[in-house]
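To start, the structure itself, in structure tokens.
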Amino acid sequence: MAPTSSATAGQLRQIIHYHLDNISYDNALFFAERLAAHEPRSSESPYLLALCHFRLGDYQSAYEISKAVGYRGTNISCSYIFAQCCLALEQYKDGIVALEKTKASWSRKSSIGKHSATSRAQPDAASIACLLGKLYRAYDDKKKAIANFEEALKSNPFMWDAFTALCDMGVTTRTANIFKLNDTLVESISCDHLGAISSEQKDSSTAASIEHQLYQLKKSSARSAIFDSNTDPFDSQKLNSGNDILGTTLHGSQNDFMSKINAARSKTASTINESGFESMETPITNYNESNIPRINYPSEPPQAPTRKTRNTQPVESGLGEMPSKMGYRAGTKRTQRLQDRSQDDTLAESNSALPRTSASTVSGVERKRTVSGHPVQPRQPSEEPGAPQRRSARINMFRGTNGKANAAASTVNAPRDVKKTRPAISRIVRPNSSGSNVGRAVSGNRKPLEENGMDVDQAEAPRIKEILQQPTMKPVESESVKVEETLKYLLELLKKLGSGYFALSQYRCAEALAFYTSLPRAHQDTPWVLSQIGRAYYEQAAYADAEKYYRRLRILARTRLEDMEVYSTILWFLKRETDLSFLAHELVELSWHSPQAWCAFGNAWSLARDHEQALRCFKRATQLDPKFAYAFTLQGHEHVANEEYEKALTAYRQAVSADRRHYNAYYGIGRVYERLGNYDKAFIHFQSASVINPTNAVLICCIGNVLEKQRQIVQALQFFTKATELAPHAAQTRYKKARALLALNQLDDAQKELEILKTLAPDEATVHFLLGKLYKMLNDKGQAVRHFTIALNLDPKASQQIKEAIESLEDDDSFDDSMMA
């Protein structure tokens, strides 16, 4: 009989998802083609086929396959993969149209945990909105991109790429409002999680219920067969017939339930031991008291073997032999020790597949004594034909009803006075044994058999009941609280990470460092966080500190390429030519097609002052990634070093086109215009860079330079003062502030700044030259000559200008700072 078409398609989908989950994309593609041939009209077939091509990096094929269904918006999954292909192929408009058509069908609940073996959940609203935001951002529609990213984060705060995209776009966000629990997230995740828990509890309770039914059926059958009002417990014939009935009932009921029990046990092997009567095999709580036994018996009680006793007389047929009264009164400690030893022997012989014998049977063997009172030595096994079989072999043979009758008779014939005078100790008794039941009924000094099947003293009964009490299922509310607490912990962690990322995107580096250092140590030592901390120090121009974190990052993640262009620039500033060359060669060997590696190579050539080779490396980086803005900026820097200003402007503008918030490119354009003497355009571009990065002291100082050259000294002094506040240890910024103060004839403030500057840069000739000018204006000719002389010794090349300044001490010439211009 041929299988149905739906069954074949379902099996093919399961195979495809299996290979996709195991990253066997070639196999998945092969079977996706089989599914497309089997169901050519299905909308899911082109989706799976396009997905396989997309995973293999064949975006063009995935685009063509998914276009027919995806562009119409009739299948969300197909439209989603089509939009992903459009993003990769820069066909942004097509992807936007396709996703906008599916907007009415977006699922507002999270699809976390809703995958199955044969299918995957459709993309939810958060995923689609995030992808749509990426498309709008690439399409240069900032407003709609921001709206979609915000919608994605509202639905699911775990959409990290949506958050980073907002930060990279310069949008002001409130991380405390983003990374918090919302009703949609809690409901969707809690329902999925609790649904799985409820399913597991249902399976567990079903298995326990089946076990309980089987146990009750065995017990009721035993009672109905043995405790019948017309049955004489001392009549051997009736007793045997009752045991026959019991054996038949037990075997029949077991056949009815065995398949269900096995299925339930295989599903809930981890939970079945915590509930029902299976928990009696391994008690949950450990008790050290010797009078509480370990219970170990299977679902079907075995039959006790017959034993021959030297001092007893044969009884009627079908009945076993009972132990003597003296043997029954054996000491408790010795009997208990022998019981434990016999149990271990039985388990070893039966390879853990056979149950333990009852305490009464075991102690019967050990109670044999010689005339002198010593215990009888156990019989050695014999290999002769006809020799008695080993005890473990005899146990295997007792599957019929005769063994049950014998076990029952051994207890039936026990006298009352023996039962009354035995020590009050707990003994291991096989549950549901007919002999045990009859003994209890006849003795008259104990209550009927408890449901747990244990023979215990009355003082110990409450404790045993407590041990064997079936545990109740965990309430669903506690699991819901657990899920909510887990989500709160993760969102709190994301809040710290997000706050640090947002602060760094706004170039508030000190604030970002505070957030990152407040993370747990395990998260601080991850490559991503180390890179963020290093970048924060880099933006503060603390290159030595930044280098420490990037060096540590290289130790943890030797193959990481992201942010390596920043690390190479740090080494360039530190003038570590050897380390930079080693890094560049290592990265190129690691990934020849990595733009970060070629940027490191270019920085190495630039540090060696080979600008042409550096330009070739930077151009190679931009060929590999046309959106890599920093490579264009480095190209511009090399063109400026070669005094190729037009080429430099072109490179900087390409960098701005790749990334609108790349302030380095605006700074480069400002430098070019400043050198060309176009101070107005230079001011505009420096100002644009400063708006993006308002905490960069170099950019603010550049604005002050342009204003100073335009003879706007007062405005320039304001920018120099701000730059000094941002970077109090920057000697160049403080020098320009002191020069502006001298130009404005604010001599006291200028003297304070120069004294600080002399401490920061004691071997700088320009500092001592400026101090000589200050003391000349203060008419302190001795100090003026002293500092002019120090400047002459530090910079002999400026001897002519310094000598002219010394000779002009007697003149009343105005302030001339041509040396520093």
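Ordering of the structure tokens sets the chain letters (A, B, ...); residue numbers start at 1 within each chain; ligands are numbered from 1 in the order shown.
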As a PyMOL selection string, please: the residues near Cys701 (chain A) (cut-off 7 Å, only C-alpha atoms, same-chain neighbours under 3 positions excluded).
chain A and resi 697-698+704-705+719-720+723+733
Please run DSSP on the backbone and report, as number ranges by chain, all residues within region 480-685 of chain A that come out as alpha helix (DSSP H).
A: 480-505, 509-517, 521-524, 527-539, 543-556, 564-573, 577-590, 595-607, 611-624, 629-641, 645-658, 663-675, 679-685
Using only C-alpha atoms, which protein or nucleic acid residues come within 12 Å of region 724-726 of chain A? Drop anything in the same chain fewer than 4 positions from it, and give the result as a ChimeraX atom specification.
/A:508-510,540-541,694-701,704,717-720,730-738,753,756-757
Kindly export the residues of the current selection with N, CA and C atoms, as a short mmCIF file (atom, residue, chain, number, x, y, z; two decimals), in the first residue's frame.
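To be explicit, this is the file written out as result25.cif:
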data_model
loop_
_atom_site.label_atom_id
_atom_site.label_comp_id
_atom_site.auth_asym_id
_atom_site.auth_seq_id
_atom_site.Cartn_x
_atom_site.Cartn_y
_atom_site.Cartn_z
N ARG A 508 29.77 58.79 25.66
CA ARG A 508 29.91 59.07 27.09
C ARG A 508 30.73 57.92 27.67
N CYS A 509 32.01 58.00 27.46
CA CYS A 509 32.88 56.85 27.70
C CYS A 509 32.99 56.49 29.17
N ALA A 510 33.11 57.48 30.05
CA ALA A 510 33.21 57.20 31.48
C ALA A 510 31.96 56.50 32.00
N GLN A 540 38.59 57.86 24.60
CA GLN A 540 39.13 58.82 25.57
C GLN A 540 40.60 59.14 25.32
N ALA A 541 41.15 58.57 24.26
CA ALA A 541 42.57 58.74 23.92
C ALA A 541 43.49 58.12 24.98
N PRO A 694 30.30 64.66 21.25
CA PRO A 694 30.47 65.93 21.99
C PRO A 694 31.52 65.86 23.09
N THR A 695 32.05 64.70 23.39
CA THR A 695 33.03 64.57 24.47
C THR A 695 34.46 64.45 23.96
N ASN A 696 34.67 64.63 22.68
CA ASN A 696 36.02 64.51 22.12
C ASN A 696 36.72 65.87 22.21
N ALA A 697 37.77 65.93 23.03
CA ALA A 697 38.47 67.19 23.24
C ALA A 697 39.22 67.65 21.99
N VAL A 698 39.66 66.73 21.17
CA VAL A 698 40.41 67.10 19.95
C VAL A 698 39.51 67.85 18.98
N LEU A 699 38.26 67.37 18.82
CA LEU A 699 37.33 68.04 17.91
C LEU A 699 37.01 69.45 18.41
N ILE A 700 36.80 69.61 19.69
CA ILE A 700 36.49 70.93 20.24
C ILE A 700 37.70 71.86 20.10
N CYS A 701 38.86 71.32 20.28
CA CYS A 701 40.08 72.13 20.12
C CYS A 701 40.26 72.56 18.67
N GLY A 704 38.16 75.52 18.08
CA GLY A 704 38.82 76.70 18.63
C GLY A 704 39.96 77.19 17.74
N LEU A 717 38.58 80.93 22.90
CA LEU A 717 38.92 80.63 24.28
C LEU A 717 37.84 79.78 24.95
N GLN A 718 36.58 79.97 24.61
CA GLN A 718 35.50 79.17 25.18
C GLN A 718 35.64 77.69 24.80
N PHE A 719 35.98 77.45 23.55
CA PHE A 719 36.16 76.06 23.11
C PHE A 719 37.42 75.46 23.72
N PHE A 720 38.48 76.26 23.85
CA PHE A 720 39.69 75.74 24.47
C PHE A 720 39.45 75.40 25.95
N ALA A 730 45.68 66.88 28.70
CA ALA A 730 46.11 67.07 27.31
C ALA A 730 46.94 68.35 27.23
N ALA A 731 48.23 68.21 27.00
CA ALA A 731 49.14 69.37 27.00
C ALA A 731 48.87 70.31 25.84
N GLN A 732 48.55 69.76 24.67
CA GLN A 732 48.32 70.59 23.50
C GLN A 732 47.10 71.50 23.70
N THR A 733 46.04 70.96 24.25
CA THR A 733 44.84 71.75 24.48
C THR A 733 45.09 72.86 25.51
N ARG A 734 45.80 72.54 26.57
CA ARG A 734 46.09 73.54 27.60
C ARG A 734 47.04 74.63 27.07
N TYR A 735 47.94 74.23 26.19
CA TYR A 735 48.85 75.23 25.59
C TYR A 735 48.07 76.24 24.74
N LYS A 736 47.10 75.75 23.99
CA LYS A 736 46.32 76.67 23.15
C LYS A 736 45.44 77.58 24.01
N LYS A 737 44.97 77.07 25.11
CA LYS A 737 44.20 77.92 26.01
C LYS A 737 45.09 79.02 26.62
N ALA A 738 46.28 78.66 27.03
CA ALA A 738 47.20 79.66 27.60
C ALA A 738 47.58 80.71 26.56
N GLU A 753 47.86 78.53 33.86
CA GLU A 753 47.82 77.46 32.87
C GLU A 753 49.23 77.03 32.46
N ILE A 756 50.89 74.82 35.09
CA ILE A 756 50.39 73.43 34.98
C ILE A 756 51.00 72.76 33.76
N LEU A 757 51.08 73.52 32.68
CA LEU A 757 51.61 72.96 31.44
C LEU A 757 53.08 72.58 31.58
#
Non-local contacts of Lys773 (chain A) (7 Å; only C-alpha atoms; under 4 positions in same chain excluded) as number ranges by chain:
A: 769, 777, 784
Taking a cut-off of 10 Å and counting only C-alpha atoms, can you build a table that, for each residue of region 629-736 of chain A near region 591-599 of chain A, reports the nearest atom pair and how far apart they are in Å (one decimal), sorted by chain then residue number, as a tab-separated table?
residue	atom	partner	partner_atom	distance
A:Tyr630	CA	A:Cys599	CA	8.6
A:Ala631	CA	A:Cys599	CA	6.4
A:Phe632	CA	A:Cys599	CA	9.9
A:Leu634	CA	A:Cys599	CA	8.1
A:Gln635	CA	A:Cys599	CA	9.7
Distance of CA of Asp58 (chain A) from CA of Asn27 (chain A), expressed in Å to one decimal place
15.0 Å
Can you pull out every residue within 12 Å of Glu151 (chain A), counting only C-alpha atoms, but drop anything in the same chain fewer than 5 positions away, and send it as number ranges by chain?
A: 108, 124-133, 144-146, 156-157, 159, 162-163, 166, 178
Output for the residues just chosen: C-alpha atoms as a compact mmCIF listing (two decimals), in the first residue's frame:
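File produced: out01.txt:
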# COMPACT_ATOMS: atom_id res chain seq x y z
CA ARG A 108 1.73 39.25 18.17
CA ASP A 124 6.61 36.62 14.90
CA ALA A 125 5.91 40.35 14.90
CA ALA A 126 9.19 41.21 16.64
CA SER A 127 11.35 39.41 14.08
CA ILE A 128 9.49 40.81 11.08
CA ALA A 129 9.49 44.35 12.47
CA CYS A 130 13.23 44.15 13.12
CA LEU A 131 13.92 42.97 9.58
CA LEU A 132 11.65 45.67 8.19
CA GLY A 133 13.55 48.24 10.24
CA LYS A 144 10.21 54.29 9.54
CA ALA A 145 13.30 52.34 10.51
CA ILE A 146 13.15 53.75 14.03
CA ASN A 156 10.32 41.31 22.49
CA PRO A 157 13.03 43.12 24.48
CA MET A 159 15.78 41.71 20.02
CA ALA A 162 17.10 46.21 17.04
CA PHE A 163 18.45 47.96 20.12
CA LEU A 166 18.78 52.37 17.34
CA ILE A 178 13.16 48.82 26.98
For Thr172 (chain A), find every residue with an atom within 9 Å (counting only C-alpha atoms), except residues of its own chain fewer than 3 positions away, and show them as a ChimeraX atom specification.
/A:166-167,502,506
Only N, CA, C and O atoms, please: the residues just picked out, written as a JSON list (two decimals), in the first residue's frame.
[["chain", "number", "residue", "atom", "x", "y", "z"],
["A", 166, "LEU", "N", 19.23, 51.06, 16.86],
["A", 166, "LEU", "CA", 18.78, 52.37, 17.34],
["A", 166, "LEU", "C", 19.94, 53.19, 17.91],
["A", 166, "LEU", "O", 20.05, 54.39, 17.66],
["A", 167, "CYS", "N", 20.79, 52.53, 18.67],
["A", 167, "CYS", "CA", 21.94, 53.24, 19.23],
["A", 167, "CYS", "C", 22.89, 53.72, 18.14],
["A", 167, "CYS", "O", 23.40, 54.84, 18.19],
["A", 502, "PHE", "N", 24.65, 51.96, 24.85],
["A", 502, "PHE", "CA", 24.05, 53.24, 24.48],
["A", 502, "PHE", "C", 24.95, 54.40, 24.89],
["A", 502, "PHE", "O", 25.13, 55.36, 24.13],
["A", 506, "GLN", "N", 26.82, 57.18, 22.40],
["A", 506, "GLN", "CA", 26.76, 58.62, 22.58],
["A", 506, "GLN", "C", 28.11, 59.21, 23.00],
["A", 506, "GLN", "O", 28.19, 60.39, 23.30]]
Quick one: residues within 9 Å of region 86-98 of chain A, only C-alpha atoms counted, chain neighbours fewer than 5 positions away excluded, as a PyMOL selection string?
chain A and resi 59-60+63+70-73+79-81+131-132+134-136+138-139
Take the residues from that selection and put them in a file with N, CA, C and O atoms, as a short mmCIF file (atom, residue, chain, number, x, y, z; two decimals), in the first residue's frame.
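File again.cif, as written:
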data_model
loop_
_atom_site.label_atom_id
_atom_site.label_comp_id
_atom_site.auth_asym_id
_atom_site.auth_seq_id
_atom_site.Cartn_x
_atom_site.Cartn_y
_atom_site.Cartn_z
N TYR A 59 22.36 33.73 -2.17
CA TYR A 59 21.24 34.66 -1.99
C TYR A 59 20.45 34.88 -3.27
O TYR A 59 19.23 35.06 -3.22
N GLN A 60 21.13 34.86 -4.40
CA GLN A 60 20.43 35.11 -5.66
C GLN A 60 19.43 34.00 -5.96
O GLN A 60 18.29 34.25 -6.37
N TYR A 63 16.56 34.28 -3.62
CA TYR A 63 15.71 35.41 -4.03
C TYR A 63 14.76 34.99 -5.15
O TYR A 63 13.54 35.27 -5.09
N GLY A 70 6.74 34.94 -2.01
CA GLY A 70 7.09 35.93 -1.00
C GLY A 70 6.66 37.34 -1.35
O GLY A 70 6.24 38.10 -0.47
N TYR A 71 6.76 37.71 -2.59
CA TYR A 71 6.41 39.09 -2.97
C TYR A 71 4.91 39.35 -2.84
O TYR A 71 4.50 40.48 -2.59
N ARG A 72 4.11 38.28 -2.99
CA ARG A 72 2.66 38.45 -2.87
C ARG A 72 2.25 38.60 -1.41
O ARG A 72 1.18 39.12 -1.11
N GLY A 73 3.06 38.10 -0.49
CA GLY A 73 2.74 38.21 0.93
C GLY A 73 1.72 37.21 1.41
O GLY A 73 1.13 37.40 2.48
N SER A 79 7.75 35.18 2.67
CA SER A 79 8.02 36.62 2.55
C SER A 79 9.20 37.04 3.41
O SER A 79 9.99 37.91 3.04
N TYR A 80 9.33 36.39 4.56
CA TYR A 80 10.44 36.73 5.47
C TYR A 80 11.79 36.36 4.85
O TYR A 80 12.73 37.16 4.88
N ILE A 81 11.89 35.16 4.30
CA ILE A 81 13.17 34.75 3.70
C ILE A 81 13.43 35.56 2.43
O ILE A 81 14.58 35.87 2.09
N LEU A 131 13.43 43.07 10.95
CA LEU A 131 13.92 42.97 9.58
C LEU A 131 13.43 44.15 8.73
O LEU A 131 14.18 44.70 7.91
N LEU A 132 12.18 44.53 8.93
CA LEU A 132 11.65 45.67 8.19
C LEU A 132 12.40 46.96 8.56
O LEU A 132 12.66 47.81 7.70
N LYS A 134 15.55 47.11 9.43
CA LYS A 134 16.84 47.06 8.74
C LYS A 134 16.71 47.47 7.27
O LYS A 134 17.57 48.16 6.73
N LEU A 135 15.62 47.02 6.66
CA LEU A 135 15.40 47.39 5.26
C LEU A 135 15.17 48.89 5.11
O LEU A 135 15.72 49.53 4.21
N TYR A 136 14.36 49.45 5.99
CA TYR A 136 14.11 50.89 5.92
C TYR A 136 15.39 51.69 6.22
O TYR A 136 15.63 52.75 5.62
N ALA A 138 18.47 50.71 5.57
CA ALA A 138 19.30 50.64 4.37
C ALA A 138 18.71 51.47 3.23
O ALA A 138 19.46 51.99 2.38
N TYR A 139 17.39 51.58 3.21
CA TYR A 139 16.71 52.38 2.19
C TYR A 139 16.76 53.87 2.51
O TYR A 139 16.25 54.70 1.78
#
